[in-house]
$ cat protein-v3.cif   # mmCIF, C-alpha atoms (C1' of nucleotides)
data_query
#
loop_
_atom_site.label_atom_id
_atom_site.label_comp_id
_atom_site.auth_asym_id
_atom_site.auth_seq_id
_atom_site.Cartn_x
_atom_site.Cartn_y
_atom_site.Cartn_z
CA MET A 1 3.49 -33.56 -9.31
CA ASN A 2 4.17 -31.51 -6.24
CA ASP A 3 3.81 -32.24 -2.56
CA THR A 4 3.95 -28.87 -0.87
CA LEU A 5 0.58 -27.40 -1.78
CA PRO A 6 -2.43 -28.33 0.30
CA LEU A 7 -4.79 -30.31 -1.84
CA LEU A 8 -8.34 -29.16 -1.42
CA PRO A 9 -10.55 -32.06 -0.47
CA PRO A 10 -12.73 -33.41 -3.21
CA PHE A 11 -15.37 -30.83 -3.96
CA SER A 12 -17.88 -33.57 -3.33
CA GLU A 13 -17.70 -32.82 0.37
CA VAL A 14 -18.85 -29.30 -0.20
CA GLU A 15 -21.50 -30.53 -2.54
CA GLU A 16 -22.73 -33.05 -0.01
CA GLY A 17 -23.28 -30.30 2.51
CA ILE A 18 -25.24 -28.26 0.02
CA CYS A 19 -27.38 -31.26 -0.88
CA ARG A 20 -28.00 -32.08 2.77
CA LEU A 21 -29.24 -28.56 3.34
CA ALA A 22 -31.29 -28.59 0.15
CA SER A 23 -33.11 -31.70 1.22
CA CYS A 24 -34.78 -29.87 4.09
CA ARG A 25 -35.01 -26.46 2.45
CA PRO A 26 -36.80 -26.65 -0.86
CA ASP A 27 -36.20 -22.98 -1.67
CA LEU A 28 -32.43 -23.49 -1.74
CA PRO A 29 -31.12 -22.97 -5.29
CA LYS A 30 -28.80 -25.93 -5.21
CA GLN A 31 -27.18 -25.73 -8.58
CA GLU A 32 -26.61 -21.99 -8.37
CA ILE A 33 -24.88 -22.32 -5.04
CA ILE A 34 -22.74 -25.15 -6.34
CA LEU A 35 -21.71 -22.97 -9.27
CA THR A 36 -20.75 -20.15 -6.96
CA ARG A 37 -18.77 -22.40 -4.65
CA LEU A 38 -17.01 -23.96 -7.62
CA ASN A 39 -15.95 -20.54 -8.80
CA TYR A 40 -14.60 -19.73 -5.39
CA HIS A 41 -12.62 -22.94 -5.11
CA ILE A 42 -11.22 -22.65 -8.60
CA ALA A 43 -10.06 -19.10 -8.02
CA LYS A 44 -8.40 -20.20 -4.81
CA SER A 45 -6.65 -23.13 -6.44
CA LEU A 46 -5.47 -21.05 -9.37
CA ARG A 47 -4.08 -18.53 -6.95
CA ASP A 48 -2.30 -21.20 -4.95
CA VAL A 49 -0.72 -22.71 -8.03
CA THR A 50 0.41 -19.33 -9.30
CA ASN A 51 1.74 -18.23 -5.95
CA GLN A 52 3.81 -21.34 -5.71
CA LEU A 53 5.27 -20.77 -9.14
CA LEU A 54 6.08 -17.17 -8.20
CA LYS A 55 7.65 -17.94 -4.85
CA PRO A 56 11.20 -18.49 -6.20
CA PHE A 57 10.99 -15.02 -7.72
CA ASP A 58 9.81 -13.50 -4.45
CA LEU A 59 6.65 -12.16 -6.02
CA SER A 60 3.10 -12.43 -4.76
CA TYR A 61 0.15 -13.05 -7.02
CA VAL A 62 -0.96 -9.45 -6.62
CA SER A 63 2.45 -7.90 -7.32
CA PHE A 64 2.88 -10.11 -10.32
CA SER A 65 -0.58 -9.25 -11.65
CA ALA A 66 0.32 -5.59 -11.40
CA LEU A 67 3.58 -6.09 -13.33
CA MET A 68 1.79 -8.23 -15.86
CA MET A 69 -1.00 -5.75 -16.52
CA LEU A 70 1.55 -2.99 -16.76
CA PHE A 71 3.46 -5.05 -19.27
CA ALA A 72 0.28 -5.60 -21.25
CA SER A 73 -0.62 -1.90 -21.37
CA PRO A 74 0.01 0.29 -24.40
CA ASN A 75 3.62 1.54 -24.26
CA SER A 76 4.03 -0.52 -21.10
CA GLU A 77 2.73 2.35 -19.03
CA ILE A 78 -0.37 2.86 -16.95
CA ASN A 79 -1.54 4.92 -14.00
CA PRO A 80 -2.26 3.37 -10.62
CA SER A 81 -6.02 3.82 -10.67
CA LYS A 82 -6.31 2.10 -14.02
CA LEU A 83 -4.18 -0.67 -12.65
CA CYS A 84 -6.61 -0.97 -9.77
CA ASP A 85 -9.47 -1.33 -12.19
CA VAL A 86 -7.94 -4.18 -14.14
CA THR A 87 -6.51 -6.05 -11.18
CA GLY A 88 -9.44 -5.44 -8.85
CA GLU A 89 -7.20 -4.17 -6.07
CA THR A 90 -7.96 -1.13 -3.95
CA ARG A 91 -6.22 2.18 -4.46
CA THR A 92 -4.61 1.98 -1.09
CA ASN A 93 -3.20 -1.42 -1.75
CA MET A 94 -1.92 -0.42 -5.16
CA THR A 95 0.01 2.41 -3.56
CA ARG A 96 1.68 -0.03 -1.19
CA ILE A 97 2.39 -2.54 -3.93
CA SER A 98 3.86 0.18 -6.10
CA ASP A 99 6.00 1.37 -3.22
CA ASP A 100 7.37 -2.11 -2.88
CA LEU A 101 7.96 -2.56 -6.59
CA VAL A 102 9.71 0.80 -6.79
CA THR A 103 11.92 -0.13 -3.85
CA ARG A 104 12.84 -3.33 -5.62
CA GLY A 105 13.68 -1.51 -8.80
CA LEU A 106 10.93 -3.13 -10.86
CA ILE A 107 8.87 -0.06 -11.70
CA ARG A 108 9.33 3.69 -11.83
CA ARG A 109 6.86 6.48 -11.10
CA HIS A 110 6.74 9.41 -13.51
CA PRO A 111 4.68 12.59 -13.27
CA ASN A 112 2.00 13.14 -15.87
CA ALA A 113 2.21 16.55 -17.51
CA GLU A 114 -1.38 16.66 -18.76
CA ASP A 115 -3.01 15.85 -15.46
CA ARG A 116 -0.84 16.52 -12.47
CA ARG A 117 -2.98 14.41 -10.18
CA ARG A 118 -1.98 11.36 -12.13
CA ILE A 119 1.17 9.35 -12.11
CA VAL A 120 2.54 7.11 -14.79
CA LEU A 121 3.96 3.75 -13.82
CA MET A 122 6.59 2.19 -16.05
CA LEU A 123 8.48 -1.08 -16.01
CA THR A 124 12.22 -1.05 -15.60
CA PRO A 125 14.45 -3.24 -17.77
CA LYS A 126 15.01 -5.34 -14.66
CA ALA A 127 11.30 -6.09 -14.50
CA GLU A 128 11.17 -6.89 -18.18
CA ASN A 129 13.96 -9.40 -17.77
CA LEU A 130 12.20 -10.90 -14.78
CA LEU A 131 8.95 -11.24 -16.71
CA LYS A 132 10.79 -12.88 -19.59
CA LYS A 133 11.84 -15.57 -17.15
CA ILE A 134 8.49 -16.00 -15.43
CA LEU A 135 6.01 -15.79 -18.28
CA PRO A 136 7.05 -18.94 -20.15
CA LEU A 137 6.73 -20.95 -16.94
CA LEU A 138 3.35 -19.51 -16.19
CA TRP A 139 2.08 -19.98 -19.69
CA GLU A 140 3.23 -23.57 -19.67
CA LYS A 141 1.26 -24.09 -16.47
CA GLN A 142 -1.80 -22.51 -18.01
CA LYS A 143 -1.60 -24.83 -20.97
CA GLU A 144 -1.27 -27.81 -18.68
CA ILE A 145 -4.38 -26.86 -16.75
CA TYR A 146 -6.54 -26.80 -19.83
CA SER A 147 -4.76 -29.56 -21.69
CA LYS A 148 -7.71 -31.91 -21.36
CA PHE A 149 -10.17 -29.35 -22.67
CA SER A 150 -11.20 -29.47 -26.31
CA ALA A 151 -11.31 -26.27 -28.33
CA ASP A 152 -15.07 -26.45 -28.15
CA GLU A 153 -15.11 -26.86 -24.39
CA LYS A 154 -12.83 -23.89 -23.91
CA LYS A 155 -14.96 -21.79 -26.18
CA THR A 156 -18.13 -22.78 -24.34
CA LEU A 157 -16.56 -22.17 -20.95
CA GLU A 158 -15.33 -18.75 -21.99
CA ALA A 159 -18.76 -17.76 -23.25
CA LEU A 160 -20.51 -18.97 -20.11
CA LEU A 161 -18.03 -17.29 -17.77
CA LYS A 162 -18.42 -14.01 -19.63
CA LYS A 163 -22.15 -14.31 -19.33
CA GLN A 164 -21.79 -15.02 -15.63
CA LEU A 165 -19.51 -12.05 -15.03
CA ALA A 166 -21.87 -9.78 -16.93
CA ALA A 167 -24.82 -11.04 -14.88
CA ILE A 168 -23.08 -10.37 -11.59
CA GLU A 169 -21.87 -6.94 -12.60
CA GLU A 170 -25.35 -6.05 -13.75
CA LEU A 171 -26.69 -6.97 -10.34
CA LYS A 172 -24.54 -4.45 -8.58
CA MET B 1 -29.81 -1.71 -8.89
CA ASN B 2 -27.29 -0.49 -6.37
CA ASP B 3 -24.82 2.33 -6.41
CA THR B 4 -22.39 1.59 -3.63
CA LEU B 5 -20.36 -1.24 -5.11
CA PRO B 6 -17.52 -0.42 -7.45
CA LEU B 7 -18.36 -1.72 -10.87
CA LEU B 8 -15.46 -3.52 -12.42
CA PRO B 9 -14.65 -2.08 -15.81
CA PRO B 10 -15.80 -4.14 -18.75
CA PHE B 11 -13.68 -7.23 -18.90
CA SER B 12 -12.85 -6.22 -22.44
CA GLU B 13 -10.11 -3.98 -21.10
CA VAL B 14 -8.37 -6.91 -19.53
CA GLU B 15 -8.90 -8.92 -22.67
CA GLU B 16 -7.44 -6.16 -24.80
CA GLY B 17 -4.26 -6.23 -22.80
CA ILE B 18 -3.96 -9.97 -23.18
CA CYS B 19 -4.53 -9.72 -26.93
CA ARG B 20 -1.99 -6.94 -27.25
CA LEU B 21 0.56 -9.10 -25.54
CA ALA B 22 -0.39 -12.15 -27.57
CA SER B 23 0.16 -10.30 -30.81
CA CYS B 24 3.89 -10.04 -30.15
CA ARG B 25 4.29 -13.29 -28.22
CA PRO B 26 2.99 -16.23 -30.18
CA ASP B 27 3.58 -18.69 -27.35
CA LEU B 28 1.06 -16.92 -25.12
CA PRO B 29 -1.94 -19.18 -24.50
CA LYS B 30 -4.48 -16.44 -24.97
CA GLN B 31 -7.69 -18.26 -24.32
CA GLU B 32 -6.36 -20.08 -21.28
CA ILE B 33 -5.25 -16.84 -19.69
CA ILE B 34 -8.58 -15.24 -20.43
CA LEU B 35 -10.33 -18.15 -18.75
CA THR B 36 -8.17 -17.79 -15.68
CA ARG B 37 -8.66 -14.04 -15.46
CA LEU B 38 -12.40 -14.50 -15.89
CA ASN B 39 -12.44 -16.88 -12.97
CA TYR B 40 -10.57 -14.43 -10.85
CA HIS B 41 -12.89 -11.54 -11.69
CA ILE B 42 -16.01 -13.60 -11.17
CA ALA B 43 -14.85 -14.82 -7.77
CA LYS B 44 -14.08 -11.24 -6.79
CA SER B 45 -17.45 -9.96 -7.93
CA LEU B 46 -19.32 -12.75 -6.22
CA ARG B 47 -17.46 -11.97 -3.04
CA ASP B 48 -18.24 -8.27 -3.32
CA VAL B 49 -21.92 -8.90 -3.84
CA THR B 50 -22.09 -11.32 -0.94
CA ASN B 51 -20.13 -9.08 1.36
CA GLN B 52 -22.47 -6.23 0.66
CA LEU B 53 -25.48 -8.37 1.43
CA LEU B 54 -23.85 -9.48 4.69
CA LYS B 55 -22.76 -6.04 5.85
CA PRO B 56 -26.04 -5.21 7.66
CA PHE B 57 -25.57 -8.40 9.66
CA ASP B 58 -22.00 -7.48 10.51
CA LEU B 59 -20.62 -10.68 8.98
CA SER B 60 -17.74 -11.09 6.57
CA TYR B 61 -17.79 -13.51 3.69
CA VAL B 62 -15.41 -15.82 5.53
CA SER B 63 -17.28 -15.80 8.83
CA PHE B 64 -20.50 -16.41 7.03
CA SER B 65 -19.02 -19.27 5.01
CA ALA B 66 -17.90 -20.87 8.24
CA LEU B 67 -21.37 -20.59 9.77
CA MET B 68 -22.94 -21.82 6.58
CA MET B 69 -20.70 -24.88 6.27
CA LEU B 70 -21.27 -25.61 9.92
CA PHE B 71 -25.00 -25.38 9.33
CA ALA B 72 -24.67 -27.73 6.37
CA SER B 73 -22.72 -30.36 8.32
CA PRO B 74 -24.31 -33.49 9.75
CA ASN B 75 -25.86 -32.65 13.13
CA SER B 76 -24.76 -29.07 12.55
CA GLU B 77 -21.40 -29.83 14.05
CA ILE B 78 -17.90 -29.97 12.67
CA ASN B 79 -14.33 -29.62 13.85
CA PRO B 80 -12.16 -26.67 12.89
CA SER B 81 -9.77 -28.52 10.60
CA LYS B 82 -12.64 -29.95 8.58
CA LEU B 83 -14.07 -26.47 8.38
CA CYS B 84 -10.73 -25.29 7.01
CA ASP B 85 -10.86 -27.94 4.35
CA VAL B 86 -14.27 -27.00 3.02
CA THR B 87 -13.83 -23.25 3.27
CA GLY B 88 -10.21 -23.21 2.11
CA GLU B 89 -9.10 -21.08 5.05
CA THR B 90 -5.95 -21.70 7.05
CA ARG B 91 -6.05 -23.25 10.49
CA THR B 92 -4.75 -20.14 12.11
CA ASN B 93 -7.40 -18.02 10.52
CA MET B 94 -10.13 -20.43 11.48
CA THR B 95 -9.04 -20.23 15.10
CA ARG B 96 -9.31 -16.47 14.97
CA ILE B 97 -12.68 -16.56 13.20
CA SER B 98 -13.97 -19.09 15.70
CA ASP B 99 -12.78 -16.88 18.54
CA ASP B 100 -14.78 -14.05 17.08
CA LEU B 101 -17.88 -16.14 16.50
CA VAL B 102 -17.72 -17.52 20.02
CA THR B 103 -17.39 -14.01 21.43
CA ARG B 104 -20.46 -12.99 19.49
CA GLY B 105 -22.41 -15.96 20.76
CA LEU B 106 -22.86 -17.57 17.37
CA ILE B 107 -20.96 -20.80 17.93
CA ARG B 108 -19.82 -22.91 20.87
CA ARG B 109 -16.73 -25.04 21.28
CA HIS B 110 -17.13 -28.49 22.79
CA PRO B 111 -14.45 -31.04 23.63
CA ASN B 112 -14.44 -34.28 21.67
CA ALA B 113 -14.41 -37.34 23.90
CA GLU B 114 -13.08 -39.77 21.27
CA ASP B 115 -10.14 -37.67 20.20
CA ARG B 116 -9.07 -35.13 22.72
CA ARG B 117 -7.03 -33.18 20.21
CA ARG B 118 -10.20 -32.28 18.41
CA ILE B 119 -12.84 -29.76 19.19
CA VAL B 120 -16.43 -29.76 18.05
CA LEU B 121 -17.95 -26.51 16.85
CA MET B 122 -21.70 -26.07 17.15
CA LEU B 123 -24.12 -23.36 16.16
CA THR B 124 -26.06 -21.56 18.85
CA PRO B 125 -29.79 -20.89 18.47
CA LYS B 126 -28.83 -17.25 17.95
CA ALA B 127 -26.80 -18.22 14.88
CA GLU B 128 -29.60 -20.38 13.57
CA ASN B 129 -31.98 -17.48 13.79
CA LEU B 130 -29.49 -15.23 12.08
CA LEU B 131 -29.03 -17.71 9.25
CA LYS B 132 -32.78 -18.01 8.85
CA LYS B 133 -32.84 -14.31 8.13
CA ILE B 134 -29.80 -14.22 5.83
CA LEU B 135 -30.20 -17.35 3.74
CA PRO B 136 -33.39 -16.40 1.91
CA LEU B 137 -31.82 -13.09 0.88
CA LEU B 138 -28.68 -14.81 -0.31
CA TRP B 139 -30.54 -17.50 -2.18
CA GLU B 140 -32.67 -14.90 -3.89
CA LYS B 141 -29.50 -13.17 -5.02
CA GLN B 142 -28.08 -16.43 -6.33
CA LYS B 143 -31.21 -17.04 -8.35
CA GLU B 144 -31.02 -13.55 -9.78
CA ILE B 145 -27.45 -14.02 -10.91
CA TYR B 146 -28.27 -17.10 -12.94
CA SER B 147 -31.73 -16.04 -13.99
CA LYS B 148 -30.68 -15.64 -17.60
CA PHE B 149 -29.07 -19.06 -17.76
CA SER B 150 -31.01 -21.94 -19.22
CA ALA B 151 -31.04 -25.28 -17.43
CA ASP B 152 -28.74 -26.59 -20.10
CA GLU B 153 -26.28 -23.75 -19.73
CA LYS B 154 -26.11 -24.22 -15.98
CA LYS B 155 -25.55 -27.91 -16.40
CA THR B 156 -22.79 -27.35 -18.93
CA LEU B 157 -21.14 -24.69 -16.81
CA GLU B 158 -21.21 -26.92 -13.75
CA ALA B 159 -19.61 -29.78 -15.65
CA LEU B 160 -16.89 -27.59 -17.13
CA LEU B 161 -16.08 -25.94 -13.81
CA LYS B 162 -15.79 -29.31 -12.14
CA LYS B 163 -13.47 -30.44 -14.86
CA GLN B 164 -11.42 -27.29 -14.41
CA LEU B 165 -11.17 -27.68 -10.66
CA ALA B 166 -10.13 -31.30 -11.04
CA ALA B 167 -7.48 -30.34 -13.58
CA ILE B 168 -5.98 -27.71 -11.29
CA GLU B 169 -5.99 -29.94 -8.26
CA GLU B 170 -4.33 -32.69 -10.25
CA LEU B 171 -1.57 -30.31 -11.20
CA LYS B 172 -0.62 -29.65 -7.60
"C1'" DG C 1 -13.67 33.81 -12.01
"C1'" DT C 2 -15.31 31.73 -7.66
"C1'" DT C 3 -17.37 28.02 -5.47
"C1'" DT C 4 -18.37 23.21 -5.47
"C1'" DA C 5 -17.90 18.59 -6.56
"C1'" DA C 6 -15.14 14.90 -8.31
"C1'" DT C 7 -10.81 12.45 -9.06
"C1'" DA C 8 -5.87 10.65 -8.21
"C1'" DG C 9 -2.90 9.42 -5.06
"C1'" DT C 10 -1.26 8.87 -0.45
"C1'" DT C 11 -0.94 8.18 4.75
"C1'" DG C 12 -1.91 6.20 9.51
"C1'" DA C 13 -4.85 3.29 12.09
"C1'" DA C 14 -7.40 -0.77 12.21
"C1'" DT C 15 -8.48 -5.12 10.42
"C1'" DT C 16 -7.61 -9.51 8.47
"C1'" DA C 17 -4.61 -13.19 7.08
"C1'" DT C 18 -0.34 -15.94 7.09
"C1'" DA C 19 4.11 -18.13 8.77
"C1'" DT C 20 6.34 -20.24 12.34
"C1'" DA C 21 6.68 -22.34 16.60
"C1'" DT C 22 4.41 -24.75 20.55
"C1'" DT C 23 1.40 -27.87 23.25
"C1'" DA C 24 -1.35 -31.83 23.59
"C1'" DT C 25 -2.82 -35.95 21.88
"C1'" DT C 26 -3.04 -39.94 18.99
"C1'" DG C 27 -1.33 -43.74 16.07
"C1'" DA C 28 2.40 -46.47 14.22
"C1'" DA C 29 6.92 -48.86 14.45
"C1'" DC C 30 9.68 -51.48 16.88
"C1'" DG D 1 5.16 -50.12 26.37
"C1'" DT D 2 8.52 -46.75 24.57
"C1'" DT D 3 9.95 -43.95 20.88
"C1'" DC D 4 8.83 -41.43 16.87
"C1'" DA D 5 6.05 -39.36 13.47
"C1'" DA D 6 1.60 -37.27 12.45
"C1'" DT D 7 -2.37 -34.51 13.63
"C1'" DA D 8 -5.40 -30.83 15.95
"C1'" DA D 9 -5.57 -26.64 17.78
"C1'" DT D 10 -3.57 -22.57 19.26
"C1'" DA D 11 -0.26 -18.42 20.39
"C1'" DT D 12 2.84 -15.13 18.88
"C1'" DA D 13 4.97 -12.43 15.52
"C1'" DT D 14 4.69 -10.68 10.90
"C1'" DA D 15 2.69 -9.47 6.59
"C1'" DA D 16 -1.03 -8.07 3.63
"C1'" DT D 17 -5.19 -5.54 3.03
"C1'" DT D 18 -8.72 -2.21 3.93
"C1'" DC D 19 -10.96 1.95 6.08
"C1'" DA D 20 -11.18 6.70 6.87
"C1'" DA D 21 -9.13 10.88 6.51
"C1'" DC D 22 -6.25 14.03 3.93
"C1'" DT D 23 -3.73 16.78 0.03
"C1'" DA D 24 -3.47 18.26 -4.54
"C1'" DT D 25 -5.46 18.94 -8.78
"C1'" DT D 26 -8.99 19.18 -12.25
"C1'" DA D 27 -13.75 19.68 -14.02
"C1'" DA D 28 -18.35 21.47 -13.55
"C1'" DA D 29 -21.87 24.78 -11.97
"C1'" DC D 30 -23.13 29.13 -11.41
#
$ encode --input "protein-v3.cif" --output "structure tokens"
Amino acid sequence: MNDTLPLLPPFSEVEEGICRLASCRPDLPKQEIILTRLNYHIAKSLRDVTNQLLKPFDLSYVSFSALMMLFASPNSEINPSKLCDVTGETRTNMTRISDDLVTRGLIRRHPNAEDRRRIVLMLTPKAENLLKKILPLLWEKQKEIYSKFSADEKKTLEALLKKQLAAIEELK
Amino acid sequence: MNDTLPLLPPFSEVEEGICRLASCRPDLPKQEIILTRLNYHIAKSLRDVTNQLLKPFDLSYVSFSALMMLFASPNSEINPSKLCDVTGETRTNMTRISDDLVTRGLIRRHPNAEDRRRIVLMLTPKAENLLKKILPLLWEKQKEIYSKFSADEKKTLEALLKKQLAAIEELK
DNA sequence: GTTTAATAGTTGAATTATATATTATTGAAC
DNA sequence: GTTCAATAATATATAATTCAACTATTAAAC
């Protein structure tokens, strides 16, 4: 479909390595490690695909995620630290990203009267128009990715991933 | 269990945003986006947990992955570009990481007689000893993460993740 | 109410990663 | 066997991200 993105080699190569190691180390939790590596590779691939789609709009995955989460917030406003929470970015980085987005006229910073430490980020109409162009493309891509999944499979996957996330968070 | 890592907020906050958006945009593939976001958050959390475990050994997730994949290769040797493939890193970055690992006496670079463009990376005994210390800790952590998963659940998750990865790669 | 601790946001320095160009070598086309 | 394209690795310049320190403000402890 596209020839510019580097195709990851079949995951089997990674799996082979894990199996090779497992064969001489019986305490190696093979399946668990495979699951973790799979997660890592999937996240990377998803990122690659999204970044490529965003390139014509001169947006990175992180900047777009910020705009997106802002768009999805009540009243389309949110403060930076909350945005960090939902995107997983650091405070420092969110400051820089916001700087950039402000410079490009995509968001505005407003003071918060109730708590003067806080700042309220808001989308500009320019950003809303941009999102209206990008989102349909992205959503189409999302649908494509899961097009071969049955409703049941998606439901099962969602449940298992939630369980996994909860387990990891609990471990912290 | 540990108080230094930032706990991500309950995923429900992210999900709420997606649902809010979906309620006014019927073409939004809600479940698919949730699946993608879950992947992203899980990968991030897994990385955080691993990085924390590696910190006392002064290794980053990427450096460790490189050592690990090297360790898992036949004869414990591999060339940089192959290492890029299985870790998903760029060539440039792998050069830099290798430089660092060489400086720290963890790997050695050898010329390849058959193809003089290539280089063979090998682990030093020092790295092997280091891995012998780290791996049991890491494997224990992996087991913990999936301790509440039944054999069936793990099997199902593995199958679904593989299907997902294949679907994304196909899309490229 | 004063002190203390905690939180929100930012800045500058340091780290880490990528993009682009370059060298050396190999393999293929002719 | 000479030319041309492809590959492996790297160097240099640039961009993205994080770390540590800092300011301002609020909340909590006393």
$ residues_around --input "protein-v3.cif" --residues "Lys133 of chain A" --least-positions-apart "6" --cutoff "12 Å" --atoms "only C-alpha atoms (C1' of nucleotides)" --output "VMD selection string"
chain A and resid 53 to 54 56 to 57 126 to 127 139
$ interface_residues --input "protein-v3.cif" --of "chain A" --to "chain C" --cutoff "12 Å" --atoms "only C-alpha atoms (C1' of nucleotides)" --output "PyMOL selection string"
chain A and resi 79-82+84+90-96+98-99+109+111-112+115-120
$ resolve_selection --input "protein-v3.cif" --expression "the PyMOL selection byres ((chain A and resi 31) around 10)" --output "ChimeraX atom specification"
/A:15,18-19,28-30,32-37 /B:142-143,146,151,154-155,158
$ closest_residue --input "protein-v3.cif" --among "D:DA9, D:DA24, D:DC4, D:DA15" --to "Ser60 of chain A" --atoms "all atoms listed in the file"
D:DA15
$ interface_residues --input "protein-v3.cif" --of "chain A" --to "chain B" --cutoff "7 Å" --atoms "only C-alpha atoms" --output "ChimeraX atom specification"
/A:1-2,5,7-9,14,17-18,20-21,28-29,32-33,35,38-40,42-43,45-46,49,72-73,85-86,139,142-143,145-146,157-158,160-161,165,167-169,171-172
$ closest_atom_pairs --input "protein-v3.cif" --of "chain D" --to "chain B" --cutoff "10 Å" --atoms "all atoms listed in the file" --output "Markdown table"
| residue | atom | partner | partner_atom | distance |
| --- | --- | --- | --- | --- |
| D:DT7 | C1' | B:Arg117 | CA | 8.2 |
| D:DA8 | C1' | B:Arg117 | CA | 5.1 |
| D:DA9 | C1' | B:Arg117 | CA | 7.1 |
| D:DT10 | C1' | B:Thr95 | CA | 7.3 |
| D:DA11 | C1' | B:Thr92 | CA | 9.6 |
$ atom_distance --input "protein-v3.cif" --atom1 "atom CA of Leu131 of chain B" --atom2 "atom CA of Lys55 of chain B"
13.7 Å
$ resolve_selection --input "protein-v3.cif" --expression "the PyMOL selection byres ((chain A and resi 122) around 8)" --output "list in words"
Leu70, Ser76, Glu77, Ile78, Ile107, Arg108, Arg109, His110, Val120, Leu121, Leu123 and Thr124 of chain A
$ atom_distance --input "protein-v3.cif" --atom1 "atom CA of Leu130 of chain B" --atom2 "atom CA of Leu106 of chain B"
8.8 Å
$ atom_distance --input "protein-v3.cif" --atom1 "atom CA of Asp100 of chain B" --atom2 "atom C1' of DA13 of chain D"
19.9 Å
$ build_atoms --input "protein-v3.cif" --residues "segment 132-147 of chain B" --atoms "N, CA and C atoms" --output "CSV table (one decimal), in the coordinates of the input"
chain,number,residue,atom,x,y,z
B,132,LYS,N,-31.4,-18.0,9.4
B,132,LYS,CA,-32.8,-18.0,8.8
B,132,LYS,C,-33.1,-16.7,8.2
B,133,LYS,N,-32.6,-15.6,8.7
B,133,LYS,CA,-32.8,-14.3,8.1
B,133,LYS,C,-32.0,-14.1,6.9
B,134,ILE,N,-30.7,-14.5,6.9
B,134,ILE,CA,-29.8,-14.2,5.8
B,134,ILE,C,-30.0,-15.1,4.6
B,135,LEU,N,-30.2,-16.4,4.9
B,135,LEU,CA,-30.2,-17.4,3.7
B,135,LEU,C,-31.2,-17.0,2.6
B,136,PRO,N,-32.4,-16.7,3.0
B,136,PRO,CA,-33.4,-16.4,1.9
B,136,PRO,C,-32.9,-15.2,1.0
B,137,LEU,N,-32.3,-14.2,1.7
B,137,LEU,CA,-31.8,-13.1,0.9
B,137,LEU,C,-30.7,-13.5,-0.1
B,138,LEU,N,-29.8,-14.4,0.5
B,138,LEU,CA,-28.7,-14.8,-0.3
B,138,LEU,C,-29.1,-15.7,-1.5
B,139,TRP,N,-30.1,-16.6,-1.2
B,139,TRP,CA,-30.5,-17.5,-2.2
B,139,TRP,C,-31.3,-16.7,-3.3
B,140,GLU,N,-32.0,-15.7,-2.9
B,140,GLU,CA,-32.7,-14.9,-3.9
B,140,GLU,C,-31.6,-14.3,-4.8
B,141,LYS,N,-30.6,-13.8,-4.2
B,141,LYS,CA,-29.5,-13.2,-5.0
B,141,LYS,C,-28.9,-14.2,-6.0
B,142,GLN,N,-28.6,-15.4,-5.5
B,142,GLN,CA,-28.1,-16.4,-6.3
B,142,GLN,C,-29.0,-16.7,-7.5
B,143,LYS,N,-30.3,-16.8,-7.3
B,143,LYS,CA,-31.2,-17.0,-8.4
B,143,LYS,C,-31.2,-15.9,-9.4
B,144,GLU,N,-31.1,-14.7,-8.9
B,144,GLU,CA,-31.0,-13.6,-9.8
B,144,GLU,C,-29.8,-13.7,-10.7
B,145,ILE,N,-28.7,-14.0,-10.1
B,145,ILE,CA,-27.4,-14.0,-10.9
B,145,ILE,C,-27.6,-15.0,-12.1
B,146,TYR,N,-28.2,-16.1,-11.9
B,146,TYR,CA,-28.3,-17.1,-12.9
B,146,TYR,C,-29.6,-17.1,-13.6
B,147,SER,N,-30.4,-16.0,-13.4
B,147,SER,CA,-31.7,-16.0,-14.0
B,147,SER,C,-31.8,-16.1,-15.5
